[in-house]
Structure formats: C-alpha cells, structure tokens
file work-v5.pdb (PDB, N, CA and C atoms and all ligand atoms)
ATOM      1  N   MET A   1     112.854  98.185 115.239
ATOM      2  CA  MET A   1     111.442  98.481 115.490
ATOM      3  C   MET A   1     110.865  99.264 114.317
ATOM      4  N   SER A   2     109.659  98.963 113.992
ATOM      5  CA  SER A   2     109.020  99.740 112.938
ATOM      6  C   SER A   2     107.629 100.192 113.368
ATOM      7  N   TRP A   3     107.155 101.145 112.676
ATOM      8  CA  TRP A   3     105.857 101.718 112.991
ATOM      9  C   TRP A   3     105.265 102.273 111.712
ATOM     10  N   LYS A   4     104.007 102.573 111.766
ATOM     11  CA  LYS A   4     103.391 103.208 110.617
ATOM     12  C   LYS A   4     102.647 104.463 111.040
ATOM     13  N   ILE A   5     102.636 105.398 110.138
ATOM     14  CA  ILE A   5     102.014 106.690 110.380
ATOM     15  C   ILE A   5     100.943 106.885 109.316
ATOM     16  N   LYS A   6      99.792 107.347 109.730
ATOM     17  CA  LYS A   6      98.737 107.584 108.752
ATOM     18  C   LYS A   6      98.873 108.983 108.153
ATOM     19  N   TYR A   7      98.862 109.026 106.838
ATOM     20  CA  TYR A   7      98.893 110.291 106.119
ATOM     21  C   TYR A   7      97.549 110.517 105.448
ATOM     22  N   LYS A   8      97.153 111.753 105.398
ATOM     23  CA  LYS A   8      95.878 112.073 104.768
ATOM     24  C   LYS A   8      96.026 113.277 103.853
ATOM     25  N   CYS A   9      95.336 113.209 102.728
ATOM     26  CA  CYS A   9      95.310 114.339 101.804
ATOM     27  C   CYS A   9      94.194 115.281 102.218
ATOM     28  N   SER A  10      94.541 116.547 102.415
ATOM     29  CA  SER A  10      93.528 117.500 102.871
ATOM     30  C   SER A  10      92.564 117.867 101.747
ATOM     31  N   GLN A  11      92.969 117.616 100.519
ATOM     32  CA  GLN A  11      92.147 117.981  99.369
ATOM     33  C   GLN A  11      91.081 116.926  99.038
ATOM     34  N   CYS A  12      91.508 115.680  98.831
ATOM     35  CA  CYS A  12      90.570 114.645  98.382
ATOM     36  C   CYS A  12      90.276 113.590  99.444
ATOM     37  N   GLY A  13      90.983 113.644 100.580
ATOM     38  CA  GLY A  13      90.680 112.721 101.665
ATOM     39  C   GLY A  13      91.350 111.356 101.564
ATOM     40  N   TYR A  14      92.205 111.164 100.565
ATOM     41  CA  TYR A  14      92.910 109.890 100.438
ATOM     42  C   TYR A  14      93.805 109.659 101.655
ATOM     43  N   THR A  15      93.748 108.460 102.224
ATOM     44  CA  THR A  15      94.626 108.159 103.361
ATOM     45  C   THR A  15      95.489 106.952 103.027
ATOM     46  N   THR A  16      96.655 106.919 103.614
ATOM     47  CA  THR A  16      97.551 105.782 103.417
ATOM     48  C   THR A  16      98.431 105.625 104.637
ATOM     49  N   ASP A  17      98.888 104.394 104.871
ATOM     50  CA  ASP A  17      99.806 104.128 105.975
ATOM     51  C   ASP A  17     101.236 104.156 105.454
ATOM     52  N   ILE A  18     102.062 104.941 106.088
ATOM     53  CA  ILE A  18     103.466 105.026 105.702
ATOM     54  C   ILE A  18     104.302 104.321 106.760
ATOM     55  N   TYR A  19     105.077 103.346 106.332
ATOM     56  CA  TYR A  19     105.885 102.546 107.255
ATOM     57  C   TYR A  19     107.245 103.187 107.456
ATOM     58  N   GLN A  20     107.713 103.180 108.696
ATOM     59  CA  GLN A  20     109.019 103.745 108.994
ATOM     60  C   GLN A  20     109.771 102.807 109.911
ATOM     61  N   GLY A  21     111.084 103.010 109.995
ATOM     62  CA  GLY A  21     111.913 102.145 110.819
ATOM     63  C   GLY A  21     112.409 100.960 110.026
ATOM     64  N   LYS A  22     112.992 100.005 110.729
ATOM     65  CA  LYS A  22     113.545  98.829 110.055
ATOM     66  C   LYS A  22     112.925  97.565 110.607
ATOM     67  N   GLY A  23     112.794  96.551 109.750
ATOM     68  CA  GLY A  23     112.228  95.285 110.173
ATOM     69  C   GLY A  23     113.257  94.424 110.889
ATOM     70  N   PHE A  24     112.829  93.250 111.306
ATOM     71  CA  PHE A  24     113.700  92.397 112.116
ATOM     72  C   PHE A  24     114.886  91.837 111.335
ATOM     73  N   MET A  25     114.840  91.864 110.010
ATOM     74  CA  MET A  25     115.975  91.417 109.213
ATOM     75  C   MET A  25     116.737  92.592 108.602
ATOM     76  N   GLY A  26     116.499  93.781 109.142
ATOM     77  CA  GLY A  26     117.204  94.950 108.649
ATOM     78  C   GLY A  26     116.581  95.551 107.408
ATOM     79  N   GLN A  27     115.467  94.985 107.009
ATOM     80  CA  GLN A  27     114.840  95.511 105.799
ATOM     81  C   GLN A  27     114.065  96.793 106.101
ATOM     82  N   GLU A  28     113.986  97.613 105.093
ATOM     83  CA  GLU A  28     113.226  98.853 105.199
ATOM     84  C   GLU A  28     111.942  98.679 104.419
ATOM     85  N   ILE A  29     110.912  99.361 104.840
ATOM     86  CA  ILE A  29     109.722  99.409 103.998
ATOM     87  C   ILE A  29     109.611 100.828 103.478
ATOM     88  N   ILE A  30     109.785 100.964 102.186
ATOM     89  CA  ILE A  30     109.698 102.298 101.605
ATOM     90  C   ILE A  30     108.314 102.466 100.989
ATOM     91  N   SER A  31     107.971 103.693 100.714
ATOM     92  CA  SER A  31     106.677 103.972 100.105
ATOM     93  C   SER A  31     106.896 104.385  98.664
ATOM     94  N   ILE A  32     106.153 103.757  97.788
ATOM     95  CA  ILE A  32     106.257 104.127  96.384
ATOM     96  C   ILE A  32     104.919 104.694  95.925
ATOM     97  N   SER A  33     104.999 105.553  94.936
ATOM     98  CA  SER A  33     103.805 106.146  94.365
ATOM     99  C   SER A  33     103.612 105.511  92.991
ATOM    100  N   CYS A  34     102.451 104.893  92.773
ATOM    101  CA  CYS A  34     102.193 104.225  91.506
ATOM    102  C   CYS A  34     101.442 105.167  90.570
ATOM    103  N   GLN A  35     101.997 105.320  89.373
ATOM    104  CA  GLN A  35     101.398 106.233  88.400
ATOM    105  C   GLN A  35     100.138 105.643  87.778
ATOM    106  N   ASP A  36      99.999 104.326  87.830
ATOM    107  CA  ASP A  36      98.872 103.685  87.154
ATOM    108  C   ASP A  36      97.626 103.570  88.021
ATOM    109  N   CYS A  37      97.764 103.010  89.232
ATOM    110  CA  CYS A  37      96.564 102.911  90.077
ATOM    111  C   CYS A  37      96.478 104.086  91.034
ATOM    112  N   LYS A  38      97.408 105.030  90.897
ATOM    113  CA  LYS A  38      97.378 106.275  91.662
ATOM    114  C   LYS A  38      97.171 106.030  93.153
ATOM    115  N   SER A  39      98.091 105.239  93.691
ATOM    116  CA  SER A  39      98.034 105.015  95.123
ATOM    117  C   SER A  39      99.459 104.905  95.646
ATOM    118  N   ILE A  40      99.563 104.941  96.959
ATOM    119  CA  ILE A  40     100.861 104.764  97.594
ATOM    120  C   ILE A  40     100.898 103.351  98.150
ATOM    121  N   GLN A  41     101.953 102.631  97.837
ATOM    122  CA  GLN A  41     102.075 101.238  98.255
ATOM    123  C   GLN A  41     103.400 101.045  98.982
ATOM    124  N   PRO A  42     103.405 100.136  99.983
ATOM    125  CA  PRO A  42     104.666  99.815 100.647
ATOM    126  C   PRO A  42     105.481  98.835  99.812
ATOM    127  N   LEU A  43     106.797  98.939  99.905
ATOM    128  CA  LEU A  43     107.679  98.039  99.173
ATOM    129  C   LEU A  43     108.872  97.716 100.072
ATOM    130  N   ILE A  44     109.187  96.438 100.216
ATOM    131  CA  ILE A  44     110.309  96.038 101.070
ATOM    132  C   ILE A  44     111.620  96.249 100.331
ATOM    133  N   LYS A  45     112.566  96.830 101.022
ATOM    134  CA  LYS A  45     113.845  97.127 100.399
ATOM    135  C   LYS A  45     114.991  96.721 101.328
ATOM    136  N   GLY A  46     115.988  96.054 100.771
ATOM    137  CA  GLY A  46     117.224  95.766 101.502
ATOM    138  C   GLY A  46     117.095  94.693 102.569
ATOM    139  N   GLY A  47     117.987  94.750 103.562
ATOM    140  CA  GLY A  47     117.998  93.768 104.636
ATOM    141  C   GLY A  47     118.478  92.414 104.155
ATOM    142  N   ALA A  48     118.132  91.373 104.905
ATOM    143  CA  ALA A  48     118.579  90.013 104.586
ATOM    144  C   ALA A  48     118.061  89.570 103.222
ATOM    145  N   ILE A  49     116.886  90.012 102.867
ATOM    146  CA  ILE A  49     116.329  89.640 101.561
ATOM    147  C   ILE A  49     117.193  90.220 100.440
ATOM    148  N   GLY A  50     117.698  91.429 100.664
ATOM    149  CA  GLY A  50     118.518  92.094  99.663
ATOM    150  C   GLY A  50     119.823  91.358  99.383
ATOM    151  N   GLN A  51     120.296  90.597 100.371
ATOM    152  CA  GLN A  51     121.544  89.856 100.172
ATOM    153  C   GLN A  51     121.350  88.635  99.273
ATOM    154  N   VAL A  52     120.198  88.017  99.339
ATOM    155  CA  VAL A  52     119.951  86.866  98.468
ATOM    156  C   VAL A  52     119.290  87.278  97.160
ATOM    157  N   ALA A  53     118.572  88.370  97.184
ATOM    158  CA  ALA A  53     117.908  88.856  95.970
ATOM    159  C   ALA A  53     118.248  90.331  95.794
ATOM    160  N   PRO A  54     119.368  90.595  95.091
ATOM    161  CA  PRO A  54     119.863  91.980  94.987
ATOM    162  C   PRO A  54     118.846  92.972  94.428
ATOM    163  N   SER A  55     117.886  92.479  93.669
ATOM    164  CA  SER A  55     116.907  93.410  93.106
ATOM    165  C   SER A  55     116.087  94.077  94.208
ATOM    166  N   TYR A  56     116.065  93.471  95.391
ATOM    167  CA  TYR A  56     115.330  94.061  96.504
ATOM    168  C   TYR A  56     116.021  95.309  97.049
ATOM    169  N   ASN A  57     117.239  95.566  96.590
ATOM    170  CA  ASN A  57     117.947  96.748  97.073
ATOM    171  C   ASN A  57     117.638  98.008  96.281
ATOM    172  N   SER A  58     116.926  97.861  95.204
ATOM    173  CA  SER A  58     116.616  99.043  94.409
ATOM    174  C   SER A  58     115.171  98.972  93.920
ATOM    175  N   LEU A  59     114.789  99.963  93.169
ATOM    176  CA  LEU A  59     113.433  99.989  92.625
ATOM    177  C   LEU A  59     113.373  99.363  91.232
ATOM    178  N   ILE A  60     114.563  98.985  90.705
ATOM    179  CA  ILE A  60     114.603  98.419  89.361
ATOM    180  C   ILE A  60     113.881  97.077  89.336
ATOM    181  N   ASP A  61     113.002  96.928  88.381
ATOM    182  CA  ASP A  61     112.217  95.695  88.228
ATOM    183  C   ASP A  61     111.232  95.434  89.357
ATOM    184  N   ARG A  62     110.981  96.432  90.189
ATOM    185  CA  ARG A  62     109.987  96.247  91.241
ATOM    186  C   ARG A  62     108.624  96.625  90.687
ATOM    187  N   LEU A  63     107.602  95.996  91.261
ATOM    188  CA  LEU A  63     106.252  96.216  90.771
ATOM    189  C   LEU A  63     105.360  96.758  91.878
ATOM    190  N   CYS A  64     104.356  97.499  91.469
ATOM    191  CA  CYS A  64     103.341  97.960  92.403
ATOM    192  C   CYS A  64     102.613  96.742  92.971
ATOM    193  N   LEU A  65     102.463  96.694  94.300
ATOM    194  CA  LEU A  65     101.806  95.545  94.930
ATOM    195  C   LEU A  65     100.332  95.469  94.576
ATOM    196  N   GLN A  66      99.760  96.575  94.273
ATOM    197  CA  GLN A  66      98.316  96.595  94.030
ATOM    198  C   GLN A  66      97.954  96.236  92.589
ATOM    199  N   CYS A  67      98.649  96.811  91.611
ATOM    200  CA  CYS A  67      98.224  96.602  90.225
ATOM    201  C   CYS A  67      99.299  95.953  89.352
ATOM    202  N   GLY A  68     100.506  95.725  89.906
ATOM    203  CA  GLY A  68     101.558  95.063  89.141
ATOM    204  C   GLY A  68     102.257  95.969  88.144
ATOM    205  N   SER A  69     102.012  97.265  88.215
ATOM    206  CA  SER A  69     102.640  98.192  87.282
ATOM    207  C   SER A  69     104.115  98.415  87.608
ATOM    208  N   LYS A  70     104.898  98.648  86.551
ATOM    209  CA  LYS A  70     106.307  99.009  86.744
ATOM    210  C   LYS A  70     106.463 100.513  86.855
ATOM    211  N   ASN A  71     105.367 101.198  86.656
ATOM    212  CA  ASN A  71     105.391 102.645  86.592
ATOM    213  C   ASN A  71     105.350 103.248  87.997
ATOM    214  N   ILE A  72     106.396 102.970  88.766
ATOM    215  CA  ILE A  72     106.407 103.418  90.158
ATOM    216  C   ILE A  72     107.631 104.285  90.431
ATOM    217  N   LYS A  73     107.491 105.126  91.413
ATOM    218  CA  LYS A  73     108.648 105.913  91.854
ATOM    219  C   LYS A  73     108.555 106.104  93.358
ATOM    220  N   THR A  74     109.684 106.392  93.965
ATOM    221  CA  THR A  74     109.691 106.613  95.410
ATOM    222  C   THR A  74     108.791 107.792  95.752
ATOM    223  N   TRP A  75     107.931 107.575  96.724
ATOM    224  CA  TRP A  75     107.038 108.656  97.133
ATOM    225  C   TRP A  75     107.866 109.783  97.763
ATOM    226  N   ASP A  76     107.544 111.017  97.412
ATOM    227  CA  ASP A  76     108.348 112.149  97.900
ATOM    228  C   ASP A  76     107.968 112.609  99.303
ATOM    229  N   GLY A  77     107.022 111.917  99.921
ATOM    230  CA  GLY A  77     106.687 112.247 101.306
ATOM    231  C   GLY A  77     105.616 113.306 101.442
ATOM    232  N   LYS A  78     105.070 113.781 100.318
ATOM    233  CA  LYS A  78     104.018 114.788 100.437
ATOM    234  C   LYS A  78     102.958 114.782  99.342
ATOM    235  N   THR A  79     103.287 114.362  98.142
ATOM    236  CA  THR A  79     102.337 114.521  97.048
ATOM    237  C   THR A  79     101.270 113.427  97.031
ATOM    238  N   CYS A  80     100.016 113.833  96.999
ATOM    239  CA  CYS A  80      98.906 112.888  96.920
ATOM    240  C   CYS A  80      98.875 112.274  95.515
ATOM    241  N   PRO A  81      98.842 110.939  95.425
ATOM    242  CA  PRO A  81      98.848 110.293  94.101
ATOM    243  C   PRO A  81      97.537 110.486  93.354
ATOM    244  N   LYS A  82      96.484 110.839  94.052
ATOM    245  CA  LYS A  82      95.170 111.010  93.436
ATOM    246  C   LYS A  82      95.009 112.390  92.817
ATOM    247  N   CYS A  83      95.383 113.428  93.560
ATOM    248  CA  CYS A  83      95.061 114.777  93.102
ATOM    249  C   CYS A  83      96.268 115.711  93.095
ATOM    250  N   ASN A  84      97.466 115.182  93.412
ATOM    251  CA  ASN A  84      98.692 115.978  93.418
ATOM    252  C   ASN A  84      98.706 117.097  94.444
ATOM    253  N   SER A  85      97.770 117.040  95.374
ATOM    254  CA  SER A  85      97.774 118.002  96.461
ATOM    255  C   SER A  85      98.760 117.519  97.534
ATOM    256  N   CYS A  86      98.787 118.204  98.658
ATOM    257  CA  CYS A  86      99.767 117.878  99.677
ATOM    258  C   CYS A  86      99.171 116.979 100.760
ATOM    259  N   MET A  87      99.867 115.900 101.092
ATOM    260  CA  MET A  87      99.404 115.020 102.157
ATOM    261  C   MET A  87     100.125 115.351 103.457
ATOM    262  N   HIS A  88      99.429 115.147 104.576
ATOM    263  CA  HIS A  88      99.996 115.461 105.886
ATOM    264  C   HIS A  88      99.798 114.301 106.836
ATOM    265  N   PRO A  89     100.744 114.106 107.774
ATOM    266  CA  PRO A  89     100.539 113.071 108.783
ATOM    267  C   PRO A  89      99.363 113.437 109.681
ATOM    268  N   THR A  90      98.536 112.454 110.025
ATOM    269  CA  THR A  90      97.363 112.736 110.860
ATOM    270  C   THR A  90      97.705 112.693 112.342
ATOM    271  N   GLY A  91      98.904 112.197 112.669
ATOM    272  CA  GLY A  91      99.276 112.072 114.072
ATOM    273  C   GLY A  91      99.010 110.677 114.606
ATOM    274  N   GLU A  92      98.310 109.840 113.839
ATOM    275  CA  GLU A  92      98.081 108.451 114.249
ATOM    276  C   GLU A  92      99.339 107.644 113.978
ATOM    277  N   LYS A  93      99.794 106.958 114.998
ATOM    278  CA  LYS A  93     101.014 106.175 114.859
ATOM    279  C   LYS A  93     100.786 104.821 115.512
ATOM    280  N   GLU A  94     101.199 103.769 114.836
ATOM    281  CA  GLU A  94     100.948 102.420 115.344
ATOM    282  C   GLU A  94     102.227 101.605 115.218
ATOM    283  N   PHE A  95     102.617 100.963 116.321
ATOM    284  CA  PHE A  95     103.808 100.118 116.263
ATOM    285  C   PHE A  95     103.439  98.718 115.812
ATOM    286  N   TRP A  96     104.316  98.111 115.090
ATOM    287  CA  TRP A  96     104.081  96.741 114.650
ATOM    288  C   TRP A  96     105.431  96.052 114.545
ATOM    289  N   THR A  97     105.442  94.755 114.393
ATOM    290  CA  THR A  97     106.724  94.063 114.338
ATOM    291  C   THR A  97     106.948  93.426 112.988
TER
HETATM  292 ZN    ZN A 101      94.458 114.107  97.201
HETATM  293 ZN    ZN A 102      99.689 100.405  91.020
END

call {"tool": "encode", "arguments": {"input": "work-v5.pdb", "output": "structure tokens"}}
result
Amino acid sequence: MSWKIKYKCSQCGYTTDIYQGKGFMGQEIISISCQDCKSIQPLIKGGAIGQVAPSYNSLIDRLCLQCGSKNIKTWDGKTCPKCNSCMHPTGEKEFWT
C-alpha cells in the first residue's frame, strides 16, 4: 500500500506531495530534490522494474522528471528546494494504488 503526504514550506509556501510505502511490484517512490528546477520530484526505485533495469535501484543516471536534469539528490525530508527553509507535513494524507 502506498500513500502520499503533503508537505509545505512555512517560509515560501511551496507544497509538494511525498510518496511513501511500496507499490504493487515492490517498488518504492522516493523523493529527490532537483538543483536545477528547484523542486521535489518523485522517482521510482527498485521493485520488479529494478530487476530488469538495474539502474532503477540507484540514483545513478536518473533524471529529474520535470526538467531532465542529472543534478538531483535524495531529498533529506525537510529542506525546501526553493528557499532552503524547513518544510513540514500538513497532515493531509491520501491513499492511492
Ligand atoms: Zn521554501
Ligand atoms: Zn529538475
């Protein structure tokens, strides 16, 4: 089961959905922070896809879904990509499959 949680930056108001849990093929959706378009993007990692395409198991050669940049890193769970302030969960949670 997976779900998403809305995070919001108290400083600049940027909001993003953070996916948690595992998908139906065992894949995880991790959140990456893109240095170029300064946003947080979801990225599928591991699971059945990772077995046929090993690059899906790591961040190597992965691209930002929004701008195609390679300049991405795993989001640390708090830093706003826009203003480097602290982001907090808003309490909104939505289940999806
Ligand atoms: Zn911010
Ligand atoms: Zn980007």

call {"tool": "resolve_selection", "arguments": {"input": "work-v5.pdb", "expression": "the PyMOL selection byres (((chain A and resi 37-47) around 6) and not hetatm)", "output": "list in words"}}
result
Met25, Gly26, Gln27, Glu28, Ile29, Ile30, Ser31, Ile32, Ser33, Cys34, Gln35, Asp36, Ala48, Ile49, Gly50, Gln51, Tyr56, Asn57, Ser58, Pro81 and Lys82 of chain A

call {"tool": "residues_near_ligand", "arguments": {"input": "work-v5.pdb", "ligand": "ligand ZN 101 (chain A)", "cutoff": "8 Å", "atoms": "only N, CA and C atoms and all ligand atoms", "output": "compact mmCIF listing (two decimals) with N, CA and C atoms, in the coordinates of the input"}}
result
# COMPACT_ATOMS: atom_id res chain seq x y z
N LYS A 8 97.15 111.75 105.40
CA LYS A 8 95.88 112.07 104.77
C LYS A 8 96.03 113.28 103.85
N CYS A 9 95.34 113.21 102.73
CA CYS A 9 95.31 114.34 101.80
C CYS A 9 94.19 115.28 102.22
N SER A 10 94.54 116.55 102.42
CA SER A 10 93.53 117.50 102.87
C SER A 10 92.56 117.87 101.75
N GLN A 11 92.97 117.62 100.52
CA GLN A 11 92.15 117.98 99.37
C GLN A 11 91.08 116.93 99.04
N CYS A 12 91.51 115.68 98.83
CA CYS A 12 90.57 114.64 98.38
C CYS A 12 90.28 113.59 99.44
N GLY A 13 90.98 113.64 100.58
CA GLY A 13 90.68 112.72 101.66
C GLY A 13 91.35 111.36 101.56
N TYR A 14 92.20 111.16 100.56
CA TYR A 14 92.91 109.89 100.44
C TYR A 14 93.80 109.66 101.66
N THR A 15 93.75 108.46 102.22
CA THR A 15 94.63 108.16 103.36
C THR A 15 95.49 106.95 103.03
N THR A 79 103.29 114.36 98.14
CA THR A 79 102.34 114.52 97.05
C THR A 79 101.27 113.43 97.03
N CYS A 80 100.02 113.83 97.00
CA CYS A 80 98.91 112.89 96.92
C CYS A 80 98.88 112.27 95.52
N PRO A 81 98.84 110.94 95.42
CA PRO A 81 98.85 110.29 94.10
C PRO A 81 97.54 110.49 93.35
N LYS A 82 96.48 110.84 94.05
CA LYS A 82 95.17 111.01 93.44
C LYS A 82 95.01 112.39 92.82
N CYS A 83 95.38 113.43 93.56
CA CYS A 83 95.06 114.78 93.10
C CYS A 83 96.27 115.71 93.10
N ASN A 84 97.47 115.18 93.41
CA ASN A 84 98.69 115.98 93.42
C ASN A 84 98.71 117.10 94.44
N SER A 85 97.77 117.04 95.37
CA SER A 85 97.77 118.00 96.46
C SER A 85 98.76 117.52 97.53
N CYS A 86 98.79 118.20 98.66
CA CYS A 86 99.77 117.88 99.68
C CYS A 86 99.17 116.98 100.76
N MET A 87 99.87 115.90 101.09
CA MET A 87 99.40 115.02 102.16
C MET A 87 100.12 115.35 103.46

call {"tool": "atom_distance", "arguments": {"input": "work-v5.pdb", "atom1": "CA of Ser55 in chain A", "atom2": "CA of Tyr7 in chain A"}}
result
27.9 Å

call {"tool": "atom_distance", "arguments": {"input": "work-v5.pdb", "atom1": "CA of Trp75 in chain A", "atom2": "CA of Ile60 in chain A"}}
result
14.9 Å

call {"tool": "select_by_dssp", "arguments": {"input": "work-v5.pdb", "residues": "chain A", "states": "strand (DSSP E or B)", "output": "MDAnalysis selection string"}}
result
chainID A and resid 2:9 15:22 28:34 39:45 72:74 79 86:96

call {"tool": "closest_residue", "arguments": {"input": "work-v5.pdb", "among": "A:Cys67, A:Leu59, A:Ile5, A:Ala53", "to": "ligand ZN 102 (chain A)", "atoms": "only C-alpha atoms and all ligand atoms"}}
result
A:Cys67

call {"tool": "atom_distance", "arguments": {"input": "work-v5.pdb", "atom1": "atom C of Lys4 in chain A", "atom2": "CA of Gly68 in chain A"}}
result
23.9 Å

call {"tool": "closest_residue", "arguments": {"input": "work-v5.pdb", "among": "A:Trp96, A:Gly77, A:His88, A:Asn71", "to": "ligand ZN 102 (chain A)", "atoms": "only C-alpha atoms and all ligand atoms"}}
result
A:Asn71

call {"tool": "select_by_dssp", "arguments": {"input": "work-v5.pdb", "residues": "chain A", "states": "alpha helix (DSSP H)", "output": "JSON, numbers by chain"}}
result
{"A": [47, 48, 49, 50, 51, 52]}

call {"tool": "axis_aligned_box", "arguments": {"input": "work-v5.pdb", "around": "range 65-73 of chain A", "padding_each_side": "6 Å", "output": "lines of an AutoDock Vina configuration file"}}
result
center_x = 103.3
center_y = 100.6
center_z = 90.7
size_x = 22.7
size_y = 23.0
size_z = 20.4

call {"tool": "closest_residue", "arguments": {"input": "work-v5.pdb", "among": "A:Phe95, A:Gln66, A:Lys78, A:Lys73", "to": "ligand ZN 102 (chain A)", "atoms": "only C-alpha atoms and all ligand atoms"}}
result
A:Gln66

call {"tool": "closest_residue", "arguments": {"input": "work-v5.pdb", "among": "A:Thr90, A:Ser69, A:Asp76, A:Lys6", "to": "Ile18 in chain A", "atoms": "only C-alpha atoms"}}
result
A:Lys6

call {"tool": "closest_residue", "arguments": {"input": "work-v5.pdb", "among": "A:Pro54, A:Ile72, A:Met1, A:Tyr19", "to": "ligand ZN 102 (chain A)", "atoms": "all atoms listed in the file"}}
result
A:Ile72

call {"tool": "closest_residue", "arguments": {"input": "work-v5.pdb", "among": "A:Thr74, A:Glu92, A:Leu63, A:Asp17", "to": "ligand ZN 102 (chain A)", "atoms": "only C-alpha atoms and all ligand atoms"}}
result
A:Leu63

call {"tool": "decode", "arguments": {"input": "work-v5.pdb", "residues": "range 67-84 of chain A", "atoms": "N, CA, C and O atoms", "output": "CSV table (one decimal), in the first residue's frame"}}
result
chain,number,residue,atom,x,y,z
A,67,CYS,N,12.6,18.5,-15.4
A,67,CYS,CA,13.4,19.3,-16.3
A,67,CYS,C,14.5,18.4,-16.9
A,67,CYS,O,15.3,18.9,-17.8
A,68,GLY,N,14.6,17.1,-16.6
A,68,GLY,CA,15.6,16.3,-17.2
A,68,GLY,C,17.0,16.5,-16.7
A,68,GLY,O,17.9,15.9,-17.3
A,69,SER,N,17.2,17.2,-15.6
A,69,SER,CA,18.5,17.4,-15.1
A,69,SER,C,19.0,16.2,-14.4
A,69,SER,O,18.3,15.4,-13.8
A,70,LYS,N,20.4,16.0,-14.4
A,70,LYS,CA,21.0,15.0,-13.7
A,70,LYS,C,21.4,15.5,-12.3
A,70,LYS,O,22.0,14.7,-11.5
A,71,ASN,N,21.2,16.7,-12.1
A,71,ASN,CA,21.7,17.4,-10.9
A,71,ASN,C,20.7,17.2,-9.7
A,71,ASN,O,20.0,18.1,-9.2
A,72,ILE,N,20.5,15.9,-9.3
A,72,ILE,CA,19.5,15.6,-8.3
A,72,ILE,C,20.1,14.8,-7.2
A,72,ILE,O,21.2,14.2,-7.3
A,73,LYS,N,19.5,15.0,-6.0
A,73,LYS,CA,19.9,14.2,-4.9
A,73,LYS,C,18.7,13.8,-4.1
A,73,LYS,O,17.6,14.4,-4.2
A,74,THR,N,18.8,12.8,-3.2
A,74,THR,CA,17.7,12.4,-2.4
A,74,THR,C,17.3,13.5,-1.5
A,74,THR,O,18.1,14.1,-0.8
A,75,TRP,N,16.0,13.7,-1.5
A,75,TRP,CA,15.5,14.8,-0.6
A,75,TRP,C,15.7,14.4,0.9
A,75,TRP,O,15.5,13.2,1.2
A,76,ASP,N,16.2,15.3,1.7
A,76,ASP,CA,16.5,15.0,3.1
A,76,ASP,C,15.3,15.0,4.0
A,76,ASP,O,15.4,14.8,5.2
A,77,GLY,N,14.1,15.2,3.5
A,77,GLY,CA,12.9,15.1,4.3
A,77,GLY,C,12.5,16.4,5.0
A,77,GLY,O,11.6,16.5,5.7
A,78,LYS,N,13.3,17.5,4.7
A,78,LYS,CA,12.9,18.7,5.4
A,78,LYS,C,13.3,20.0,4.6
A,78,LYS,O,12.6,21.0,4.7
A,79,THR,N,14.3,20.0,3.8
A,79,THR,CA,14.8,21.3,3.2
A,79,THR,C,14.0,21.7,2.0
A,79,THR,O,13.8,20.9,1.0
A,80,CYS,N,13.5,22.9,2.0
A,80,CYS,CA,12.7,23.4,0.9
A,80,CYS,C,13.7,23.7,-0.3
A,80,CYS,O,14.7,24.4,-0.1
A,81,PRO,N,13.4,23.1,-1.5
A,81,PRO,CA,14.3,23.3,-2.6
A,81,PRO,C,14.3,24.8,-3.1
A,81,PRO,O,15.2,25.2,-3.9
A,82,LYS,N,13.3,25.5,-2.8
A,82,LYS,CA,13.1,26.9,-3.3
A,82,LYS,C,13.9,27.9,-2.4
A,82,LYS,O,14.6,28.8,-2.9
A,83,CYS,N,13.8,27.8,-1.1
A,83,CYS,CA,14.4,28.8,-0.2
A,83,CYS,C,15.2,28.2,0.9
A,83,CYS,O,15.7,28.9,1.7
A,84,ASN,N,15.5,26.9,0.9
A,84,ASN,CA,16.3,26.2,1.9
A,84,ASN,C,15.8,26.3,3.3
A,84,ASN,O,16.5,26.0,4.3
